[in-house]
$ cat structure.txt   # compact mmCIF, C-alpha atoms and all ligand atoms
# COMPACT_ATOMS: atom_id res chain seq x y z
CA MET A 1 9.64 76.69 75.43
CA SER A 2 8.75 73.94 77.87
CA GLU A 3 9.79 70.29 77.91
CA SER A 4 7.55 67.80 76.04
CA ALA A 5 5.05 66.45 78.60
CA THR A 6 4.68 63.15 76.74
CA LEU A 7 8.42 62.52 76.67
CA ARG A 8 8.80 63.67 80.29
CA MET A 9 6.20 61.18 81.55
CA ALA A 10 7.69 58.38 79.43
CA GLN A 11 11.13 59.12 80.89
CA ARG A 12 9.77 59.22 84.44
CA SER A 13 8.09 55.83 83.90
CA ARG A 14 11.38 54.37 82.62
CA GLU A 15 13.21 55.69 85.66
CA MET A 16 10.64 54.31 88.09
CA ARG A 17 10.79 50.94 86.36
CA ALA A 18 14.57 50.96 86.51
CA ALA A 19 14.25 51.62 90.24
CA GLY A 20 12.17 48.44 90.57
CA HIS A 21 8.60 49.82 90.53
CA ASP A 22 5.85 48.02 88.66
CA ILE A 23 4.63 50.66 86.17
CA VAL A 24 2.03 50.32 83.42
CA ASP A 25 3.10 53.03 81.01
CA LEU A 26 0.23 54.51 79.01
CA SER A 27 1.98 57.82 78.50
CA LEU A 28 3.65 57.47 75.13
CA GLY A 29 1.84 57.41 71.82
CA GLU A 30 3.76 54.51 70.38
CA PRO A 31 2.27 51.35 68.79
CA ASP A 32 3.41 48.24 70.68
CA GLN A 33 3.03 45.97 67.62
CA ASP A 34 6.02 44.75 65.61
CA PRO A 35 6.67 46.62 62.38
CA PRO A 36 5.62 44.78 59.19
CA ALA A 37 8.16 42.19 57.99
CA PHE A 38 8.61 43.98 54.64
CA ALA A 39 9.94 47.06 56.47
CA MET A 40 12.60 45.05 58.30
CA GLU A 41 13.52 43.27 55.05
CA ALA A 42 13.97 46.66 53.36
CA ALA A 43 16.33 47.71 56.15
CA GLN A 44 18.40 44.53 55.84
CA LYS A 45 18.52 44.84 52.06
CA ALA A 46 19.62 48.49 52.31
CA ILE A 47 22.45 47.58 54.68
CA ALA A 48 23.53 44.67 52.47
CA GLU A 49 23.57 46.92 49.39
CA ASN A 50 26.23 48.98 51.13
CA LYS A 51 25.40 52.13 49.14
CA TRP A 52 23.24 54.17 51.50
CA ASN A 53 26.00 55.21 53.87
CA LYS A 54 26.81 58.76 52.73
CA TYR A 55 25.04 62.07 53.33
CA PRO A 56 21.64 61.78 51.66
CA PRO A 57 20.23 64.84 49.83
CA VAL A 58 18.76 67.28 52.39
CA MET A 59 15.20 66.88 51.04
CA GLY A 60 15.42 63.08 50.87
CA TYR A 61 16.34 60.58 48.14
CA MET A 62 14.50 61.48 44.95
CA ASP A 63 13.01 57.99 44.50
CA LEU A 64 11.55 58.18 48.02
CA ARG A 65 10.10 61.62 47.33
CA ALA A 66 8.56 60.25 44.11
CA ALA A 67 7.12 57.27 46.02
CA ILE A 68 5.62 59.65 48.60
CA SER A 69 4.14 61.76 45.81
CA THR A 70 2.46 58.59 44.46
CA LYS A 71 1.27 57.65 47.96
CA PHE A 72 -0.31 61.10 48.45
CA LYS A 73 -2.26 60.61 45.24
CA ARG A 74 -3.17 56.96 45.88
CA ASP A 75 -4.32 57.28 49.51
CA ASN A 76 -5.32 60.93 49.82
CA GLY A 77 -6.13 62.26 46.34
CA LEU A 78 -3.44 64.93 46.86
CA GLU A 79 -1.48 66.13 43.81
CA TYR A 80 1.94 66.99 45.21
CA ALA A 81 4.75 66.49 42.65
CA ALA A 82 7.94 64.80 43.91
CA GLU A 83 9.60 68.26 44.03
CA GLN A 84 6.90 69.30 46.49
CA VAL A 85 7.77 66.51 48.92
CA MET A 86 10.41 66.72 51.63
CA VAL A 87 11.60 64.02 54.04
CA SER A 88 12.65 64.75 57.65
CA THR A 89 13.71 63.08 60.89
CA GLY A 90 10.14 62.36 62.01
CA ALA A 91 6.95 64.32 61.49
CA LYS A 92 8.07 66.32 64.51
CA GLN A 93 10.99 67.79 62.59
CA ALA A 94 8.86 68.15 59.45
CA ILE A 95 6.40 70.37 61.37
CA MET A 96 9.19 72.33 63.06
CA ASN A 97 10.81 73.05 59.67
CA VAL A 98 7.54 74.44 58.34
CA ILE A 99 6.84 76.54 61.42
CA LEU A 100 10.37 77.98 61.33
CA SER A 101 9.83 78.73 57.65
CA LEU A 102 6.47 80.47 57.99
CA VAL A 103 6.29 81.94 61.49
CA GLY A 104 8.24 84.70 63.19
CA PRO A 105 7.77 87.31 65.93
CA GLY A 106 4.38 89.02 65.66
CA ASP A 107 2.82 86.09 63.77
CA GLU A 108 -0.03 84.09 65.24
CA VAL A 109 -0.79 80.43 64.74
CA VAL A 110 -4.34 79.29 65.41
CA ILE A 111 -4.45 75.86 67.05
CA PRO A 112 -7.76 74.13 67.85
CA ALA A 113 -7.58 72.43 71.26
CA PRO A 114 -6.99 69.82 72.43
CA PHE A 115 -3.82 69.66 70.33
CA TRP A 116 -0.60 67.64 70.27
CA VAL A 117 1.83 68.97 72.89
CA SER A 118 4.61 70.04 70.53
CA TYR A 119 2.53 72.39 68.34
CA ALA A 120 2.31 75.33 70.74
CA GLU A 121 5.93 74.93 71.92
CA GLN A 122 7.27 74.81 68.37
CA VAL A 123 5.38 78.01 67.54
CA ARG A 124 6.87 79.69 70.63
CA PHE A 125 10.34 78.47 69.64
CA ALA A 126 9.88 80.25 66.28
CA GLY A 127 8.97 83.46 68.15
CA GLY A 128 5.29 83.28 67.16
CA THR A 129 2.20 83.30 69.34
CA PRO A 130 -0.03 80.24 69.60
CA VAL A 131 -3.72 81.22 69.67
CA ILE A 132 -5.59 78.34 71.25
CA VAL A 133 -9.25 77.74 70.38
CA HIS A 134 -10.81 75.66 73.13
CA SER A 135 -13.51 73.00 72.90
CA THR A 136 -15.40 70.82 75.33
CA LEU A 137 -16.07 67.13 75.76
CA GLU A 138 -19.71 67.80 74.79
CA GLU A 139 -18.40 69.19 71.48
CA ASP A 140 -16.48 65.93 70.96
CA TYR A 141 -13.33 68.00 71.59
CA LYS A 142 -13.76 69.79 68.26
CA PRO A 143 -14.21 73.57 68.40
CA PRO A 144 -17.08 74.64 66.14
CA ILE A 145 -15.62 76.11 62.91
CA ALA A 146 -17.22 79.51 63.71
CA ARG A 147 -15.11 79.66 66.90
CA ILE A 148 -11.96 78.95 64.88
CA ALA A 149 -12.98 81.65 62.38
CA GLU A 150 -13.31 84.21 65.19
CA ALA A 151 -9.71 83.55 66.28
CA ILE A 152 -8.26 84.38 62.83
CA THR A 153 -6.91 87.92 62.36
CA PRO A 154 -4.62 89.60 59.81
CA ARG A 155 -1.71 88.45 62.01
CA THR A 156 -2.62 84.76 61.63
CA ARG A 157 -0.04 83.04 59.49
CA VAL A 158 -0.95 79.39 60.01
CA LEU A 159 -3.83 77.18 61.11
CA LEU A 160 -2.40 73.99 62.62
CA TYR A 161 -4.35 70.85 63.50
CA SER A 162 -4.28 67.08 63.34
CA SER A 163 -7.15 64.81 62.31
CA PRO A 164 -7.47 62.18 63.71
CA THR A 165 -6.47 64.27 66.70
CA ASN A 166 -3.87 63.48 69.29
CA PRO A 167 -4.96 63.52 72.21
CA SER A 168 -8.76 63.21 71.80
CA GLY A 169 -9.14 60.82 68.85
CA SER A 170 -11.59 63.28 67.28
CA VAL A 171 -11.92 63.19 63.50
CA LEU A 172 -13.00 66.11 61.30
CA THR A 173 -15.83 65.22 58.90
CA GLN A 174 -15.84 66.18 55.24
CA ALA A 175 -18.49 68.84 56.01
CA GLU A 176 -16.30 70.31 58.77
CA LEU A 177 -13.26 70.36 56.47
CA GLU A 178 -15.30 72.15 53.80
CA GLU A 179 -16.44 74.75 56.33
CA LEU A 180 -12.86 75.18 57.53
CA ALA A 181 -11.54 75.56 53.97
CA ALA A 182 -14.14 78.27 53.26
CA VAL A 183 -12.83 80.20 56.29
CA VAL A 184 -9.18 79.79 55.25
CA LEU A 185 -9.84 80.92 51.68
CA LYS A 186 -11.18 84.24 52.97
CA TRP A 187 -7.68 85.11 54.22
CA PRO A 188 -5.06 85.37 51.46
CA GLY A 189 -1.70 84.16 52.74
CA LEU A 190 -3.12 82.03 55.56
CA MET A 191 -1.55 78.56 55.39
CA VAL A 192 -2.83 75.29 56.85
CA ILE A 193 -0.61 72.61 58.38
CA SER A 194 -2.70 69.44 58.25
CA ASP A 195 -1.06 66.72 60.34
CA GLU A 196 -2.39 63.39 59.03
CA ILE A 197 -0.03 61.02 60.80
CA TYR A 198 -2.99 58.96 62.15
CA GLU A 199 -4.69 58.67 58.72
CA HIS A 200 -4.69 54.86 58.80
CA ILE A 201 -6.21 54.67 62.28
CA VAL A 202 -9.80 55.78 61.65
CA PHE A 203 -12.70 53.70 62.99
CA SER A 204 -15.66 55.04 61.01
CA GLY A 205 -15.80 56.69 57.62
CA THR A 206 -12.67 57.43 55.63
CA HIS A 207 -9.79 59.79 56.28
CA ARG A 208 -10.09 63.10 54.38
CA SER A 209 -7.38 65.61 53.47
CA ILE A 210 -8.20 69.33 53.41
CA GLY A 211 -5.69 69.79 50.57
CA THR A 212 -8.10 68.02 48.17
CA LEU A 213 -10.70 70.78 48.46
CA PRO A 214 -10.87 73.42 45.68
CA GLY A 215 -8.20 76.11 46.10
CA MET A 216 -6.64 74.42 49.14
CA LEU A 217 -3.63 72.55 47.72
CA GLU A 218 -1.66 75.83 47.37
CA ARG A 219 -2.55 76.64 50.96
CA THR A 220 -1.87 73.29 52.60
CA ILE A 221 1.17 71.59 54.02
CA THR A 222 0.21 67.95 54.54
CA VAL A 223 2.28 66.16 57.19
CA ASN A 224 2.67 62.41 57.53
CA GLY A 225 5.22 59.77 58.50
CA ILE A 226 5.88 56.10 59.19
CA SER A 227 5.87 56.19 63.02
CA LYS A 228 2.23 55.33 63.70
CA ALA A 229 0.88 53.34 60.74
CA PHE A 230 3.94 51.09 60.52
CA ALA A 231 4.91 50.97 64.21
CA LEU A 232 8.29 52.45 63.28
CA THR A 233 8.63 55.28 65.79
CA GLY A 234 12.35 54.61 66.27
CA TRP A 235 13.38 54.93 62.64
CA ARG A 236 12.44 58.62 62.67
CA ILE A 237 11.02 59.34 59.24
CA GLY A 238 8.33 61.93 58.57
CA TYR A 239 7.53 63.99 55.50
CA ILE A 240 5.51 66.82 54.02
CA GLY A 241 3.77 67.60 50.76
CA ALA A 242 3.63 71.37 50.29
CA PRO A 243 3.73 74.25 47.83
CA LYS A 244 7.21 74.48 46.31
CA TRP A 245 8.11 77.77 48.04
CA VAL A 246 7.42 76.18 51.44
CA VAL A 247 9.52 73.12 50.60
CA GLN A 248 12.38 75.38 49.48
CA ALA A 249 12.30 77.28 52.77
CA ALA A 250 12.03 74.06 54.82
CA ASN A 251 15.02 72.72 52.87
CA LYS A 252 17.11 75.69 54.05
CA VAL A 253 16.06 75.17 57.68
CA GLN A 254 16.76 71.44 57.67
CA GLY A 255 20.04 71.96 55.79
CA GLN A 256 21.29 74.08 58.68
CA PHE A 257 19.95 71.86 61.49
CA THR A 258 20.36 68.19 60.57
CA SER A 259 20.77 67.67 56.77
CA GLY A 260 18.99 64.71 55.18
CA ALA A 261 17.29 62.05 57.30
CA ASN A 262 19.07 58.75 58.00
CA GLY A 263 19.72 56.93 54.70
CA ILE A 264 18.81 53.37 55.76
CA ALA A 265 15.62 54.65 57.40
CA GLN A 266 14.70 56.35 54.13
CA ARG A 267 14.91 52.99 52.32
CA VAL A 268 12.57 51.54 54.97
CA ALA A 269 10.21 54.49 54.44
CA LYS A 270 10.15 53.82 50.70
CA ALA A 271 9.01 50.22 51.31
CA CYS A 272 6.31 51.54 53.68
CA VAL A 273 4.80 54.15 51.42
CA GLU A 274 4.87 51.75 48.46
CA ALA A 275 3.12 48.98 50.40
CA ASP A 276 -0.57 48.27 49.93
CA PRO A 277 -2.34 49.92 52.91
CA ALA A 278 -4.39 46.70 53.22
CA LEU A 279 -1.24 45.12 54.71
CA ILE A 280 -1.52 47.31 57.81
CA ALA A 281 -5.28 47.07 58.30
CA GLY A 282 -4.71 44.74 61.28
CA LEU A 283 -3.37 47.65 63.28
CA ARG A 284 -6.73 49.41 63.04
CA THR A 285 -8.61 46.30 64.17
CA ASP A 286 -6.33 46.01 67.22
CA PHE A 287 -6.85 49.64 68.14
CA LEU A 288 -10.63 49.54 67.72
CA ARG A 289 -10.86 46.54 70.09
CA ARG A 290 -8.64 48.30 72.61
CA ARG A 291 -10.58 51.54 72.35
CA ASP A 292 -13.75 49.73 73.33
CA LEU A 293 -11.96 47.84 76.09
CA VAL A 294 -10.68 51.12 77.54
CA LEU A 295 -13.99 53.00 77.17
CA ASN A 296 -15.87 50.17 78.90
CA GLY A 297 -13.25 50.08 81.63
CA LEU A 298 -13.18 53.83 82.20
CA ALA A 299 -16.98 53.84 82.47
CA GLN A 300 -16.38 52.00 85.80
CA VAL A 301 -14.08 54.75 87.14
CA PRO A 302 -16.17 56.92 89.47
CA GLY A 303 -16.82 60.37 87.98
CA TRP A 304 -14.60 60.13 84.88
CA ARG A 305 -16.24 61.01 81.56
CA CYS A 306 -15.04 60.30 78.00
CA ASN A 307 -15.89 61.18 74.41
CA LYS A 308 -15.90 58.33 71.90
CA PRO A 309 -12.69 58.63 69.88
CA GLN A 310 -13.11 57.93 66.15
CA GLY A 311 -9.42 57.53 65.40
CA ALA A 312 -5.78 57.50 66.64
CA PHE A 313 -5.09 55.52 69.86
CA TYR A 314 -5.86 57.84 72.75
CA VAL A 315 -8.71 58.60 75.11
CA LEU A 316 -8.95 61.82 77.05
CA PRO A 317 -11.15 61.35 80.12
CA ASP A 318 -12.39 64.43 81.93
CA VAL A 319 -11.16 63.86 85.48
CA SER A 320 -12.53 67.04 87.15
CA SER A 321 -14.36 64.96 89.74
CA SER A 322 -11.02 63.54 90.97
CA LEU A 323 -9.37 66.92 91.46
CA VAL A 324 -9.90 67.03 95.21
CA GLY A 325 -7.78 68.05 98.22
CA ASN A 326 -4.14 68.57 97.24
CA LEU A 327 -4.79 67.35 93.71
CA ARG A 328 -5.55 70.69 92.07
CA THR A 329 -4.57 70.03 88.45
CA SER A 330 -4.51 67.06 86.13
CA ALA A 331 -0.68 67.14 86.45
CA ASP A 332 -1.08 66.58 90.22
CA LEU A 333 -3.45 63.70 89.53
CA SER A 334 -1.15 62.08 86.97
CA MET A 335 1.70 62.20 89.52
CA HIS A 336 -0.61 60.72 92.16
CA LEU A 337 -1.59 57.85 89.84
CA LEU A 338 2.02 57.21 88.89
CA GLU A 339 3.20 57.08 92.49
CA ASN A 340 0.19 55.37 94.07
CA ALA A 341 -1.22 53.17 91.32
CA GLY A 342 1.84 52.63 89.12
CA VAL A 343 0.05 53.93 86.01
CA SER A 344 1.57 56.58 83.79
CA LEU A 345 -0.77 59.00 81.95
CA VAL A 346 -0.12 62.49 80.60
CA GLU A 347 -1.78 65.63 81.99
CA GLY A 348 -4.29 67.27 79.67
CA ASP A 349 -2.97 70.78 80.43
CA ALA A 350 -0.07 70.04 78.08
CA PHE A 351 -2.59 69.47 75.26
CA GLY A 352 -4.67 72.57 76.01
CA ALA A 353 -7.29 70.47 77.79
CA PRO A 354 -7.23 71.20 81.52
CA ASN A 355 -8.98 68.72 83.83
CA THR A 356 -8.28 65.80 81.54
CA LEU A 357 -5.67 63.03 81.38
CA ARG A 358 -4.48 61.39 78.18
CA LEU A 359 -4.33 57.63 78.07
CA SER A 360 -2.55 55.95 75.14
CA TYR A 361 -4.06 52.52 74.48
CA ALA A 362 -1.26 51.50 72.10
CA THR A 363 -0.37 48.62 74.38
CA GLY A 364 -1.48 45.03 75.10
CA ASP A 365 -5.06 44.25 76.20
CA ALA A 366 -3.96 42.62 79.46
CA LEU A 367 -1.90 45.65 80.47
CA LEU A 368 -4.78 47.96 79.64
CA THR A 369 -7.14 45.95 81.84
CA GLU A 370 -4.60 45.98 84.64
CA ALA A 371 -4.11 49.76 84.30
CA ILE A 372 -7.83 50.44 84.41
CA ASN A 373 -8.30 48.28 87.49
CA ARG A 374 -5.52 50.18 89.22
CA ILE A 375 -6.95 53.56 88.19
CA ALA A 376 -10.47 52.61 89.32
CA LYS A 377 -9.16 51.54 92.71
CA ALA A 378 -7.03 54.67 93.22
CA VAL A 379 -9.84 56.99 92.15
CA ALA A 380 -12.38 55.23 94.38
CA ALA A 381 -9.94 55.67 97.28
CA LEU A 382 -9.74 59.41 96.53
CA ALA A 383 -13.51 59.69 96.56
CA SER A 384 -13.77 57.96 99.93
CA ASN A 385 -11.08 60.14 101.57
N1 LIG B 401 2.00 64.58 64.99
C1 LIG B 401 1.24 64.00 65.92
C2 LIG B 401 -0.20 64.37 66.01
C3 LIG B 401 1.81 63.07 66.80
O1 LIG B 401 1.04 62.48 67.73
C4 LIG B 401 3.18 62.79 66.73
C5 LIG B 401 3.82 61.91 67.76
N2 LIG B 401 4.07 60.72 67.34
C6 LIG B 401 3.92 63.40 65.72
C7 LIG B 401 3.31 64.30 64.88
C8 LIG B 401 5.39 63.15 65.54
O2 LIG B 401 5.64 61.90 65.01
P1 LIG B 401 7.11 61.42 64.56
O3 LIG B 401 8.05 62.54 64.85
O4 LIG B 401 7.37 60.20 65.33
O5 LIG B 401 6.99 61.16 63.09
N1 LIG B 402 3.67 61.79 69.64
C1 LIG B 402 3.71 60.75 70.62
C2 LIG B 402 2.83 61.15 71.79
O1 LIG B 402 2.05 62.06 71.69
C3 LIG B 402 5.11 60.44 71.00
C4 LIG B 402 5.79 61.36 71.96
C5 LIG B 402 6.03 62.70 71.39
O2 LIG B 402 6.85 62.82 70.49
O3 LIG B 402 5.33 63.61 71.82
O4 LIG B 402 2.90 60.51 72.81
$ encode --input "structure.txt" --output "structure tokens" --more "lines below"
Ligand code: PMP
Ligand code: GLU
Amino acid sequence: MSESATLRMAQRSREMRAAGHDIVDLSLGEPDQDPPAFAMEAAQKAIAENKWNKYPPVMGYMDLRAAISTKFKRDNGLEYAAEQVMVSTGAKQAIMNVILSLVGPGDEVVIPAPFWVSYAEQVRFAGGTPVIVHSTLEEDYKPPIARIAEAITPRTRVLLYSSPTNPSGSVLTQAELEELAAVVLKWPGLMVISDEIYEHIVFSGTHRSIGTLPGMLERTITVNGISKAFALTGWRIGYIGAPKWVVQAANKVQGQFTSGANGIAQRVAKACVEADPALIAGLRTDFLRRRDLVLNGLAQVPGWRCNKPQGAFYVLPDVSSSLVGNLRTSADLSMHLLENAGVSLVEGDAFGAPNTLRLSYATGDALLTEAINRIAKAVAALASN
């Protein structure tokens, strides 16, 4: 298993900053906004109540699980009972629990690319084999469903994807989800992990959950959390809705690794999932403005090409034209930009998208403009060398 490329670049940026360098860090997918006031009030109230200090139940406090069950129904039309909900230390742990529950040596997990860095590594950690289905910028970084279907074999245990997608911002349409569901239903025992952590950051149309389609709820583990929509990455709460047998297995895994998630953070999560989603609509407006700012800016960078992300807060420019001389891979180019332009991006290879770089625009407009100016200058210098 290799180190997380996103976390490695974020750490390198911190170190360079600490050493006195002026770094604009666009490596980490982390909203820069403050969390909503109600979330902080819930934390203060929970501390003042002085009754959330002991080991919480492994699967999460029952009232939080019930609130998540209600949220799934309210926002997503998903009918998971509270017993089918489990709370973890971030969506990252939630996904790891499920993979460790479902996947072992000899099992394959089909992952459409580009994909979030941790998926393939978590599958490897479980002893399984990630089967990557590639796509191109021209395909809006979404492999056609027929290509995904071709990758599925009797050894495939899980299909794992996120929509909106990290790192491309691509969003699966209802028609694509229906086509995908029809493929999954042909294979008894094939499970879907649908990572919906960016559900509130969609710029056109509405977010759709595959678990709402006929026959799919029994086949789908829906993943979500409070990191992105509520700008609460540091409180580390994620959760799943899943068939009961999956939740029971995930409970065993988590019970041996970490036990229940932090008690105070669970009280914060309850306030978040109970809140009216209208309260966090401002986040989407911020991100849409920044997406356009970044796309317009990157259009000025010689040779770089982008798709138009429909969600999340990333763009994934194809940087093939800048891979010249000693800069053979996007990892070489990201190092070059960090050292020569003071801008931190993550190499696309880590996301199954060679020749691309991921830029997270979850930061202030002025910093984004500064970063793009620096990138444009550094790339123009490469071209003239
Ligand atoms: N899924 C996706 C697609 C992500 O981008 C991330 C990173 N934030 C996670 C899951 C994990 O989120 P967390 O562990 O912060 O809940
Ligand atoms: N998921 C975020 C990202 O892609 C945070 C870092 C991580 O956990 O990978 O940047």
$ residues_near_ligand --input "structure.txt" --ligand "ligand LIG 402 (chain B)" --cutoff "6 Å" --atoms "all atoms listed in the file" --output "compact mmCIF listing (two decimals) with C-alpha atoms, in the frame of the given file"
# COMPACT_ATOMS: atom_id res chain seq x y z
CA THR A 6 4.68 63.15 76.74
CA LEU A 7 8.42 62.52 76.67
CA LEU A 28 3.65 57.47 75.13
CA GLY A 29 1.84 57.41 71.82
$ residues_around --input "structure.txt" --residues "range 130-147 of chain A" --least-positions-apart "2" --cutoff "6 Å" --atoms "all atoms listed in the file" --output "ChimeraX atom specification"
/A:108-113,120,149-150,307
$ closest_residue --input "structure.txt" --among "A:Ser344, A:Leu172, A:Ala5, A:Val294" --to "Ala366 in chain A" --atoms "only C-alpha atoms"
A:Val294
$ residues_near_ligand --input "structure.txt" --ligand "ligand LIG 401 (chain B)" --cutoff "7 Å" --atoms "all atoms listed in the file" --output "list of chain:residue names"
A:Gly29, A:Glu30, A:Thr89, A:Gly90, A:Ala91, A:Lys92, A:Gln93, A:Trp116, A:Ser162, A:Thr165, A:Asn166, A:Asp195, A:Ile197, A:Gly225, A:Ile226, A:Ser227, A:Lys228, A:Thr233, A:Arg236, A:Ile237, A:Gly238
$ write_last_selection --input "structure.txt" --atoms "C-alpha atoms" --output "mmCIF file, keeping the file's coordinate frame"
data_model
loop_
_atom_site.group_PDB
_atom_site.id
_atom_site.type_symbol
_atom_site.label_atom_id
_atom_site.label_comp_id
_atom_site.auth_asym_id
_atom_site.auth_seq_id
_atom_site.Cartn_x
_atom_site.Cartn_y
_atom_site.Cartn_z
ATOM 1 C CA GLY A 29 1.840 57.410 71.820
ATOM 2 C CA GLU A 30 3.760 54.510 70.380
ATOM 3 C CA THR A 89 13.710 63.080 60.890
ATOM 4 C CA GLY A 90 10.140 62.360 62.010
ATOM 5 C CA ALA A 91 6.950 64.320 61.490
ATOM 6 C CA LYS A 92 8.070 66.320 64.510
ATOM 7 C CA GLN A 93 10.990 67.790 62.590
ATOM 8 C CA TRP A 116 -0.600 67.640 70.270
ATOM 9 C CA SER A 162 -4.280 67.080 63.340
ATOM 10 C CA THR A 165 -6.470 64.270 66.700
ATOM 11 C CA ASN A 166 -3.870 63.480 69.290
ATOM 12 C CA ASP A 195 -1.060 66.720 60.340
ATOM 13 C CA ILE A 197 -0.030 61.020 60.800
ATOM 14 C CA GLY A 225 5.220 59.770 58.500
ATOM 15 C CA ILE A 226 5.880 56.100 59.190
ATOM 16 C CA SER A 227 5.870 56.190 63.020
ATOM 17 C CA LYS A 228 2.230 55.330 63.700
ATOM 18 C CA THR A 233 8.630 55.280 65.790
ATOM 19 C CA ARG A 236 12.440 58.620 62.670
ATOM 20 C CA ILE A 237 11.020 59.340 59.240
ATOM 21 C CA GLY A 238 8.330 61.930 58.570
#
$ residues_around --input "structure.txt" --residues "Pro154 in chain A" --least-positions-apart "3" --cutoff "10 Å" --atoms "only C-alpha atoms" --output "ChimeraX atom specification"
/A:107-108,157,187-190
$ write_last_selection --input "structure.txt" --atoms "C-alpha atoms" --output "JSON list (two decimals), in the frame of the given file"
[["chain", "number", "residue", "atom", "x", "y", "z"],
["A", 107, "ASP", "CA", 2.82, 86.09, 63.77],
["A", 108, "GLU", "CA", -0.03, 84.09, 65.24],
["A", 157, "ARG", "CA", -0.04, 83.04, 59.49],
["A", 187, "TRP", "CA", -7.68, 85.11, 54.22],
["A", 188, "PRO", "CA", -5.06, 85.37, 51.46],
["A", 189, "GLY", "CA", -1.70, 84.16, 52.74],
["A", 190, "LEU", "CA", -3.12, 82.03, 55.56]]
$ residues_near_point --input "structure.txt" --point "(-12.2, 78.2, 56.4)" --cutoff "10 Å" --atoms "all atoms listed in the file" --output "list of chain:residue names"
A:Ile145, A:Ala146, A:Ile148, A:Ala149, A:Ile152, A:Leu159, A:Glu176, A:Leu177, A:Glu178, A:Glu179, A:Leu180, A:Ala181, A:Ala182, A:Val183, A:Val184, A:Leu185, A:Lys186, A:Trp187, A:Leu190, A:Val192, A:Met216
$ axis_aligned_box --input "structure.txt" --around "range 370-374 of chain A" --padding-each-side "8 Å" --output "AutoDock Vina command-line options"
--center_x -6.2 --center_y 48.2 --center_z 86.8 --size_x 20.2 --size_y 20.5 --size_z 20.9
$ residues_near_point --input "structure.txt" --point "(11.2, 70.1, 76.5)" --cutoff "12 Å" --atoms "all atoms listed in the file" --output "PyMOL selection string"
chain A and resi 1-9+11+117-118+120-122+125+350
$ closest_residue --input "structure.txt" --among "A:Trp235, A:Phe115, A:Phe287, A:Trp52" --to "Leu316 in chain A" --atoms "all atoms listed in the file"
A:Phe115
